[in-house]
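**Student:** Data file entry-v7.tsv (TSV, C-alpha atoms) is appended below.
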```tsv
chain	number	residue	atom	x	y	z
A	1	MET	CA	19.02	109.46	27.70
A	2	ASP	CA	20.37	108.73	31.14
A	3	VAL	CA	24.10	108.29	30.79
A	4	ARG	CA	24.08	105.26	33.03
A	5	THR	CA	21.72	103.33	30.76
A	6	SER	CA	23.76	103.93	27.61
A	7	ALA	CA	25.63	101.10	25.94
A	8	LEU	CA	28.95	102.33	27.26
A	9	ASP	CA	28.07	102.38	30.94
A	10	GLY	CA	30.72	99.93	31.66
A	11	ALA	CA	34.12	101.42	32.22
A	12	ARG	CA	33.37	101.07	35.93
A	13	TRP	CA	32.92	97.58	37.34
A	14	ALA	CA	29.96	98.58	39.46
A	15	PRO	CA	28.76	96.15	42.14
A	16	GLY	CA	25.23	96.35	40.72
A	17	ALA	CA	26.53	95.04	37.42
A	18	PHE	CA	28.15	92.11	39.22
A	19	GLY	CA	24.94	91.10	40.99
A	20	GLU	CA	22.97	91.21	37.78
A	21	ALA	CA	25.71	89.26	35.96
A	22	LEU	CA	25.66	86.61	38.68
A	23	ARG	CA	21.93	86.17	38.19
A	24	GLN	CA	22.18	85.95	34.40
A	25	ALA	CA	25.19	83.63	34.42
A	26	ALA	CA	23.63	81.25	36.98
A	27	PRO	CA	22.51	78.67	34.37
A	28	ILE	CA	26.05	78.60	32.95
A	29	VAL	CA	27.52	78.14	36.43
A	30	LEU	CA	25.07	75.28	37.01
A	31	GLY	CA	26.33	73.65	33.81
A	32	TYR	CA	30.04	74.43	34.17
A	33	LEU	CA	30.57	73.21	37.74
A	34	PRO	CA	29.68	69.55	37.02
A	35	VAL	CA	31.29	69.45	33.55
A	36	GLY	CA	34.43	71.19	34.83
A	37	PHE	CA	34.43	68.68	37.67
A	38	ALA	CA	34.29	65.80	35.17
A	39	TYR	CA	37.15	67.37	33.19
A	40	GLY	CA	39.27	67.76	36.34
A	41	VAL	CA	38.76	64.14	37.37
A	42	LEU	CA	39.58	62.92	33.87
A	43	ALA	CA	42.64	65.16	33.49
A	44	LEU	CA	44.21	63.81	36.67
A	45	LYS	CA	43.39	60.21	35.85
A	46	THR	CA	45.10	60.80	32.48
A	47	GLY	CA	48.29	61.95	34.20
A	48	LEU	CA	48.20	65.74	34.07
A	49	SER	CA	49.59	67.43	37.17
A	50	PRO	CA	46.99	69.29	39.28
A	51	LEU	CA	48.58	72.60	38.27
A	52	ASN	CA	48.50	71.85	34.54
A	53	ALA	CA	44.94	70.55	34.74
A	54	VAL	CA	43.71	73.81	36.29
A	55	LEU	CA	45.95	75.96	34.05
A	56	MET	CA	44.33	74.47	30.95
A	57	SER	CA	40.93	75.61	32.23
A	58	ALA	CA	42.28	79.06	33.01
A	59	LEU	CA	44.25	79.63	29.79
A	60	VAL	CA	42.23	77.75	27.15
A	61	PHE	CA	38.68	77.83	28.62
A	62	ALA	CA	37.11	75.50	26.04
A	63	GLY	CA	35.00	72.66	27.44
A	64	SER	CA	34.79	70.12	24.67
A	65	ALA	CA	38.27	70.88	23.29
A	66	GLN	CA	39.80	70.30	26.74
A	67	LEU	CA	38.09	66.93	27.11
A	68	ILE	CA	39.24	65.96	23.61
A	69	ALA	CA	42.79	67.15	24.37
A	70	VAL	CA	42.95	65.06	27.53
A	71	GLY	CA	41.86	62.03	25.52
A	72	LEU	CA	44.54	62.72	22.90
A	73	LEU	CA	47.24	63.19	25.55
A	74	ALA	CA	46.19	59.89	27.12
A	75	ALA	CA	46.70	58.26	23.72
A	76	GLY	CA	50.19	59.76	23.49
A	77	ALA	CA	49.50	62.42	20.84
A	78	SER	CA	52.15	65.09	20.15
A	79	PRO	CA	51.65	68.68	21.40
A	80	LEU	CA	51.37	69.87	17.81
A	81	SER	CA	48.58	67.47	16.93
A	82	VAL	CA	46.70	68.37	20.13
A	83	ALA	CA	46.97	72.08	19.25
A	84	ALA	CA	45.90	71.43	15.65
A	85	THR	CA	42.86	69.42	16.78
A	86	THR	CA	41.98	72.18	19.25
A	87	PHE	CA	42.13	74.69	16.42
A	88	VAL	CA	39.70	72.73	14.24
A	89	VAL	CA	37.34	71.94	17.13
A	90	ASN	CA	37.23	75.61	18.17
A	91	LEU	CA	36.96	77.03	14.65
A	92	ARG	CA	33.19	77.35	15.21
A	93	HIS	CA	34.00	80.25	17.56
A	94	LEU	CA	35.04	82.21	14.46
A	95	LEU	CA	31.40	82.23	13.34
A	96	MET	CA	30.13	82.89	16.86
A	97	ALA	CA	32.43	85.88	17.28
A	98	ALA	CA	31.45	87.22	13.86
A	99	SER	CA	27.74	86.96	14.69
A	100	LEU	CA	28.17	88.86	17.98
A	101	ALA	CA	30.49	91.51	16.50
A	102	PRO	CA	27.76	93.81	15.08
A	103	HIS	CA	26.31	94.18	18.61
A	104	LEU	CA	29.66	95.33	20.03
A	105	ARG	CA	29.99	98.45	17.91
A	106	GLY	CA	31.85	101.18	19.74
A	107	TRP	CA	33.62	98.91	22.23
A	108	PRO	CA	37.32	99.76	22.68
A	109	ALA	CA	39.71	97.20	21.20
A	110	SER	CA	41.03	96.23	24.64
A	111	ARG	CA	37.53	95.23	25.82
A	112	LEU	CA	36.84	93.35	22.57
A	113	ALA	CA	40.11	91.46	23.04
A	114	TRP	CA	39.15	90.58	26.61
A	115	PHE	CA	35.62	89.57	25.60
A	116	GLY	CA	37.10	87.21	22.97
A	117	PHE	CA	39.26	85.45	25.56
A	118	GLN	CA	36.13	84.27	27.38
A	119	LEU	CA	33.94	83.51	24.38
A	120	THR	CA	32.73	79.92	24.71
A	121	ASP	CA	29.71	78.05	23.37
A	122	GLU	CA	27.80	78.87	26.52
A	123	THR	CA	28.74	82.53	26.98
A	124	PHE	CA	28.08	83.00	23.26
A	125	ALA	CA	24.63	81.45	23.53
A	126	LEU	CA	23.70	83.60	26.51
A	127	HIS	CA	25.03	86.82	24.97
A	128	SER	CA	23.33	86.21	21.63
A	129	LEU	CA	20.03	86.13	23.55
A	130	ARG	CA	20.90	89.21	25.65
A	131	PHE	CA	22.08	91.24	22.66
A	132	MET	CA	18.71	90.75	20.92
A	133	GLN	CA	17.19	92.85	23.70
A	134	GLY	CA	19.32	95.90	23.00
A	135	PRO	CA	22.90	97.13	23.09
A	136	PRO	CA	24.86	95.23	25.74
A	137	ARG	CA	26.22	96.89	28.86
A	138	VAL	CA	29.96	96.47	28.92
A	139	ALA	CA	30.44	95.84	32.65
A	140	GLN	CA	27.55	93.40	32.94
A	141	THR	CA	28.70	91.52	29.83
A	142	LEU	CA	32.29	91.18	31.02
A	143	TRP	CA	31.17	90.17	34.53
A	144	ILE	CA	29.00	87.39	33.07
A	145	ASN	CA	32.09	86.07	31.26
A	146	ALA	CA	34.21	86.36	34.40
A	147	VAL	CA	31.63	84.48	36.48
A	148	ALA	CA	31.41	81.74	33.84
A	149	HIS	CA	35.20	81.46	33.60
A	150	GLY	CA	35.46	81.36	37.39
A	151	ALA	CA	32.89	78.56	37.58
A	152	TRP	CA	34.76	76.58	34.92
A	153	VAL	CA	38.09	76.90	36.74
A	154	ALA	CA	36.46	76.20	40.12
A	155	GLY	CA	34.70	73.10	38.77
A	156	SER	CA	37.99	71.88	37.30
A	157	ALA	CA	39.82	72.45	40.58
A	158	LEU	CA	37.13	70.57	42.53
A	159	GLY	CA	37.45	67.68	40.07
A	160	VAL	CA	41.21	67.71	40.47
A	161	ALA	CA	40.85	67.67	44.26
A	162	ALA	CA	38.28	64.87	44.23
A	163	SER	CA	39.91	62.80	41.48
A	164	ALA	CA	41.21	60.06	43.75
A	165	ALA	CA	37.79	59.58	45.40
A	166	VAL	CA	35.69	59.51	42.23
A	167	ALA	CA	35.40	56.35	40.15
A	168	ASP	CA	32.60	57.36	37.78
A	169	VAL	CA	32.47	60.81	36.21
A	170	ARG	CA	28.77	60.53	35.32
A	171	PRO	CA	27.06	60.80	38.69
A	172	LEU	CA	23.39	61.73	38.85
A	173	GLY	CA	22.89	63.05	35.34
A	174	LEU	CA	25.43	65.84	35.75
A	175	ASP	CA	26.75	65.08	32.26
A	176	TYR	CA	23.38	66.25	30.90
A	177	ALA	CA	23.77	69.79	32.24
A	178	LEU	CA	25.18	71.24	29.02
A	179	PRO	CA	22.87	69.48	26.53
A	180	ALA	CA	19.91	70.66	28.65
A	181	MET	CA	21.29	74.18	28.64
A	182	PHE	CA	21.68	74.11	24.86
A	183	ILE	CA	18.02	73.07	24.63
A	184	ALA	CA	16.94	76.09	26.69
A	185	LEU	CA	19.19	78.41	24.69
A	186	VAL	CA	18.20	77.18	21.25
A	187	VAL	CA	14.49	77.46	22.15
A	188	GLY	CA	15.19	81.05	23.20
A	189	GLN	CA	16.80	81.77	19.83
A	190	VAL	CA	13.94	80.63	17.67
A	191	ARG	CA	11.88	83.44	16.18
A	192	GLY	CA	9.56	82.10	13.49
A	193	ALA	CA	9.47	79.30	10.97
A	194	VAL	CA	12.74	80.08	9.21
A	195	HIS	CA	14.66	79.64	12.48
A	196	VAL	CA	12.99	76.26	13.03
A	197	LEU	CA	14.01	75.28	9.51
A	198	VAL	CA	17.60	76.45	10.10
A	199	GLY	CA	17.79	74.53	13.39
A	200	LEU	CA	16.50	71.30	11.86
A	201	ALA	CA	18.77	71.69	8.82
A	202	ALA	CA	21.81	72.29	11.04
A	203	ALA	CA	20.98	69.23	13.15
A	204	GLY	CA	20.53	67.03	10.08
A	205	LEU	CA	23.69	68.35	8.41
A	206	ALA	CA	25.75	67.90	11.60
A	207	LEU	CA	24.69	64.25	11.87
A	208	GLY	CA	25.09	63.61	8.12
A	209	LEU	CA	28.52	65.22	7.93
A	210	HIS	CA	29.62	63.32	11.02
A	211	ALA	CA	28.48	60.05	9.43
A	212	ALA	CA	30.33	61.03	6.25
A	213	GLY	CA	33.56	61.30	8.25
A	214	ALA	CA	33.84	65.11	8.58
A	215	GLY	CA	34.75	64.65	12.26
A	216	PRO	CA	35.64	67.94	13.96
A	217	TRP	CA	34.69	69.90	10.82
A	218	SER	CA	31.07	68.73	10.91
A	219	VAL	CA	29.70	71.41	13.27
A	220	ILE	CA	31.20	74.37	11.44
A	221	LEU	CA	30.21	73.03	8.00
A	222	ALA	CA	26.66	72.33	9.20
A	223	THR	CA	26.46	75.85	10.65
A	224	LEU	CA	27.60	77.46	7.38
A	225	GLY	CA	25.17	75.36	5.35
A	226	ALA	CA	22.14	75.91	7.57
A	227	ALA	CA	22.74	79.66	8.01
A	228	ALA	CA	23.15	80.00	4.23
A	229	LEU	CA	19.87	78.13	3.76
A	230	GLY	CA	18.13	80.47	6.22
A	231	THR	CA	19.57	83.53	4.45
A	232	GLY	CA	18.39	82.23	1.08
A	233	VAL	CA	14.91	81.34	2.30
A	234	SER	CA	14.39	84.66	4.09
A	235	ALA	CA	15.57	86.59	1.01
A	236	TRP	CA	13.21	84.54	-1.16
A	237	THR	CA	10.14	84.89	1.09
A	238	ARG	CA	10.77	88.62	1.36
A	239	ARG	CA	10.02	89.17	-2.33
B	1	MET	CA	53.91	62.21	31.65
B	2	ASP	CA	56.34	65.08	31.10
B	3	GLN	CA	54.55	68.04	32.71
B	4	THR	CA	56.70	70.62	30.91
B	5	LEU	CA	55.61	69.16	27.58
B	6	ILE	CA	51.99	69.25	28.75
B	7	PHE	CA	52.35	72.88	29.75
B	8	LEU	CA	53.71	73.67	26.26
B	9	THR	CA	50.76	71.77	24.79
B	10	ILE	CA	48.39	73.93	26.85
B	11	LEU	CA	50.10	77.08	25.54
B	12	GLY	CA	49.71	75.71	22.00
B	13	MET	CA	46.01	75.11	22.61
B	14	ALA	CA	45.60	78.68	23.88
B	15	VAL	CA	47.39	80.06	20.83
B	16	ALA	CA	45.16	77.92	18.58
B	17	THR	CA	41.97	79.07	20.33
B	18	TYR	CA	42.31	82.75	21.22
B	19	PRO	CA	42.78	84.42	17.78
B	20	VAL	CA	39.81	82.48	16.40
B	21	ARG	CA	37.63	84.08	19.09
B	22	ALA	CA	39.10	87.58	19.17
B	23	LEU	CA	40.01	88.46	15.57
B	24	PRO	CA	36.43	88.45	14.17
B	25	LEU	CA	35.38	90.79	16.98
B	26	LEU	CA	38.26	93.19	16.37
B	27	ALA	CA	37.82	93.07	12.60
B	28	LEU	CA	34.03	93.35	12.37
B	29	ALA	CA	32.74	95.23	15.45
B	30	SER	CA	32.99	98.73	13.97
B	31	ARG	CA	32.31	97.87	10.33
B	32	ASP	CA	29.08	98.23	8.37
B	33	LEU	CA	28.26	94.75	7.16
B	34	HIS	CA	26.30	93.92	4.01
B	35	PRO	CA	22.63	93.29	4.96
B	36	GLY	CA	22.84	89.79	3.51
B	37	LEU	CA	25.86	88.99	5.67
B	38	ARG	CA	24.12	90.41	8.73
B	39	ARG	CA	21.11	88.18	8.04
B	40	PHE	CA	23.44	85.20	7.62
B	41	LEU	CA	25.17	85.95	10.92
B	42	GLY	CA	21.76	86.31	12.57
B	43	PHE	CA	21.07	82.65	11.77
B	44	VAL	CA	24.43	81.46	13.14
B	45	PRO	CA	23.35	81.12	16.81
B	46	THR	CA	20.37	78.90	15.97
B	47	ALA	CA	22.43	76.87	13.48
B	48	VAL	CA	25.53	76.28	15.60
B	49	LEU	CA	23.58	75.47	18.79
B	50	SER	CA	21.33	73.03	16.89
B	51	ALA	CA	24.31	71.33	15.27
B	52	MET	CA	26.10	70.85	18.60
B	53	LEU	CA	22.90	69.79	20.37
B	54	ALA	CA	22.09	67.19	17.71
B	55	GLN	CA	25.55	65.65	18.04
B	56	GLY	CA	25.44	65.79	21.84
B	57	VAL	CA	22.06	64.10	22.11
B	58	LEU	CA	21.89	61.76	19.11
B	59	LEU	CA	25.46	60.41	18.99
B	60	GLU	CA	26.53	57.76	21.46
B	61	ASP	CA	30.23	56.84	21.31
B	62	GLY	CA	30.36	58.42	17.86
B	63	SER	CA	27.49	56.56	16.21
B	64	LEU	CA	23.87	57.55	15.64
B	65	SER	CA	21.44	56.35	18.31
B	66	VAL	CA	17.73	57.17	17.94
B	67	GLY	CA	16.18	54.33	19.96
B	68	PRO	CA	14.47	54.45	23.36
B	69	ASP	CA	17.71	53.20	24.95
B	70	ASN	CA	19.26	56.62	24.30
B	71	ILE	CA	18.68	58.32	27.66
B	72	PHE	CA	19.89	61.72	26.40
B	73	LEU	CA	17.27	61.62	23.64
B	74	LEU	CA	14.52	60.59	26.06
B	75	ALA	CA	15.44	63.44	28.41
B	76	ALA	CA	15.42	65.91	25.51
B	77	VAL	CA	11.63	65.52	25.09
B	78	PRO	CA	10.59	66.85	28.55
B	79	ALA	CA	13.50	69.32	28.49
B	80	PHE	CA	12.28	70.82	25.19
B	81	ALA	CA	8.71	70.91	26.52
B	82	THR	CA	9.88	72.71	29.66
B	83	ALA	CA	11.92	75.20	27.67
B	84	ILE	CA	9.07	75.98	25.25
B	85	LEU	CA	6.37	76.25	27.93
B	86	THR	CA	8.28	78.02	30.72
B	87	ARG	CA	11.28	79.68	28.97
B	88	SER	CA	13.15	78.83	32.18
B	89	PHE	CA	16.84	77.90	32.07
B	90	PHE	CA	16.84	76.40	35.54
B	91	GLY	CA	13.64	74.44	34.93
B	92	THR	CA	14.97	73.03	31.68
B	93	VAL	CA	18.34	72.03	33.12
B	94	ALA	CA	16.74	70.56	36.26
B	95	VAL	CA	14.18	68.53	34.27
B	96	GLY	CA	16.83	67.27	31.83
B	97	MET	CA	19.29	66.21	34.52
B	98	GLY	CA	16.49	64.78	36.65
B	99	VAL	CA	15.22	62.55	33.85
B	100	VAL	CA	18.75	61.32	33.03
B	101	ALA	CA	19.45	60.61	36.70
B	102	GLY	CA	16.08	58.87	37.09
B	103	CYS	CA	16.61	56.69	34.02
B	104	ARG	CA	20.04	55.59	35.30
B	105	TYR	CA	18.73	55.02	38.83
B	106	PHE	CA	15.96	52.74	37.58
B	107	GLY	CA	18.35	51.07	35.15
B	108	LEU	CA	16.55	52.07	31.95
```
With the file now loaded, output its structure as structure tokens.

**Tutor:**
Amino acid sequence: MDVRTSALDGARWAPGAFGEALRQAAPIVLGYLPVGFAYGVLALKTGLSPLNAVLMSALVFAGSAQLIAVGLLAAGASPLSVAATTFVVNLRHLLMAASLAPHLRGWPASRLAWFGFQLTDETFALHSLRFMQGPPRVAQTLWINAVAHGAWVAGSALGVAASAAVADVRPLGLDYALPAMFIALVVGQVRGAVHVLVGLAAAGLALGLHAAGAGPWSVILATLGAAALGTGVSAWTRR
Amino acid sequence: MDQTLIFLTILGMAVATYPVRALPLLALASRDLHPGLRRFLGFVPTAVLSAMLAQGVLLEDGSLSVGPDNIFLLAAVPAFATAILTRSFFGTVAVGMGVVAGCRYFGL
């Protein structure tokens, strides 16, 4: 096998890898710029300083958790309760990281640690599709994350800069960018009837648990339940 | 607002988020997992994306909304059709945002 096509091509951050990463991350950029913009506007209107608003995007990099945190800060919540809520809201990333881990066999710990820093719903969804097509290239994978992170920070900064001029943060359907992206990504995931069943079960459980008052726990509980159902059904139909 | 306190809050959020993302990778990447667990983890992407999508599209201000006045739900129909027929990210995102923008423009 050509050394350059092996899974561990990526110690070097080759320019070719960057171009390909830019192409693959384009849908995420398209989604992150407007949502980051909305976050930036909201953060400043809530009373965060421009520096802190952008720092949160750089250091935390978690779309929904940041919007929730800004809402909590506006309501006067304590730092501890904001951090605790962030923890629960982002606990789903535990399952996402675990499901990607088998594809990252052989990666050095430093690269795994860096990959984890930029693991979001969107980078996860894209990588879980990419990794189905074979062992991931390290450089390309990390560049995709860097491009996504850059777009998120840039969108936030633009929102911060434009905050004073923007009255409504829902211009022209931009707030639908991420739901639409999830639709494209979930359709890409589905392979066969069991996946359709798992998707429908997860959707139903997420809504049911939310109605039952599970709040920020509802997504992770629905994920566990639906994935367990899929595992059970596929084991049963295999016999 | 006290910006120092906000900065400490941001650090707290980072500390609450990062280990959750990194520890499973570091713990599991070079381990042979039980086939049942691997199969379970293989269903996680579909499950977690569907759960988040359902809440994003079907909840409005925290309560269930399945009527024709839910623009996000209306836009999901052509967006799903585009995704299934074309497998195009850009097409799906463009159709979804276009329908939402159109509905708002015409005051639906």

**Student:** At what distance in Å, to one decimal, does CA of Met52 (chain B) lie from CA of Gly204 (chain A)?

**Tutor:**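 Interatomic distance, CA of Gly204 (chain A) to CA of Met52 (chain B): 10.9 Å.
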
**Student:** Got a sec: who's within 9 Å of Ile84 (chain B), counting all atoms listed in the file, leaving out chain neighbours fewer than 4 positions off, as a PyMOL selection string?

**Tutor:** (chain A and resi 184+187-188) or (chain B and resi 79-80+88)

**Student:** Could you give me, as a Markdown table, every region 35-107 of chain B residue with an atom at most 12 Å from region 206-218 of chain A, plus its closest atom pair and distance in Å to one decimal, counting only C-alpha atoms, rows ordered by chain then number?

**Tutor:**
```
| residue | atom | partner | partner_atom | distance |
| --- | --- | --- | --- | --- |
| B:Ala47 | CA | A:Ala206 | CA | 9.7 |
| B:Val48 | CA | A:Ala206 | CA | 9.3 |
| B:Leu49 | CA | A:Ala206 | CA | 10.7 |
| B:Ser50 | CA | A:Ala206 | CA | 8.6 |
| B:Ala51 | CA | A:Ala206 | CA | 5.2 |
| B:Met52 | CA | A:Ala206 | CA | 7.6 |
| B:Leu53 | CA | A:Ala206 | CA | 9.4 |
| B:Ala54 | CA | A:Leu207 | CA | 7.0 |
| B:Gln55 | CA | A:Leu207 | CA | 6.4 |
| B:Gly56 | CA | A:Leu207 | CA | 10.1 |
| B:Val57 | CA | A:Leu207 | CA | 10.6 |
| B:Leu58 | CA | A:Leu207 | CA | 8.2 |
| B:Leu59 | CA | A:Leu207 | CA | 8.1 |
| B:Glu60 | CA | A:Leu207 | CA | 11.7 |
| B:Gly62 | CA | A:His210 | CA | 8.4 |
| B:Ser63 | CA | A:Ala211 | CA | 7.7 |
| B:Leu64 | CA | A:Leu207 | CA | 7.7 |
| B:Ser65 | CA | A:Leu207 | CA | 10.7 |
| B:Val66 | CA | A:Leu207 | CA | 11.6 |
```

**Student:** What are the residues of chain B that have an atom within 6 Å of an atom of chain A, counting only C-alpha atoms, as a ChimeraX atom specification?

**Tutor:** /B:9-10,12-14,16-18,20-22,24-25,28-30,40-41,43-44,46-48,50-51,54,83,89,93,96-97,100-101

**Student:** Go ahead and compute the interatomic distance for CA of Thr141 (chain A) and CA of Glu20 (chain A), in Å to one decimal.

**Tutor:**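 So the answer is 9.8 Å.
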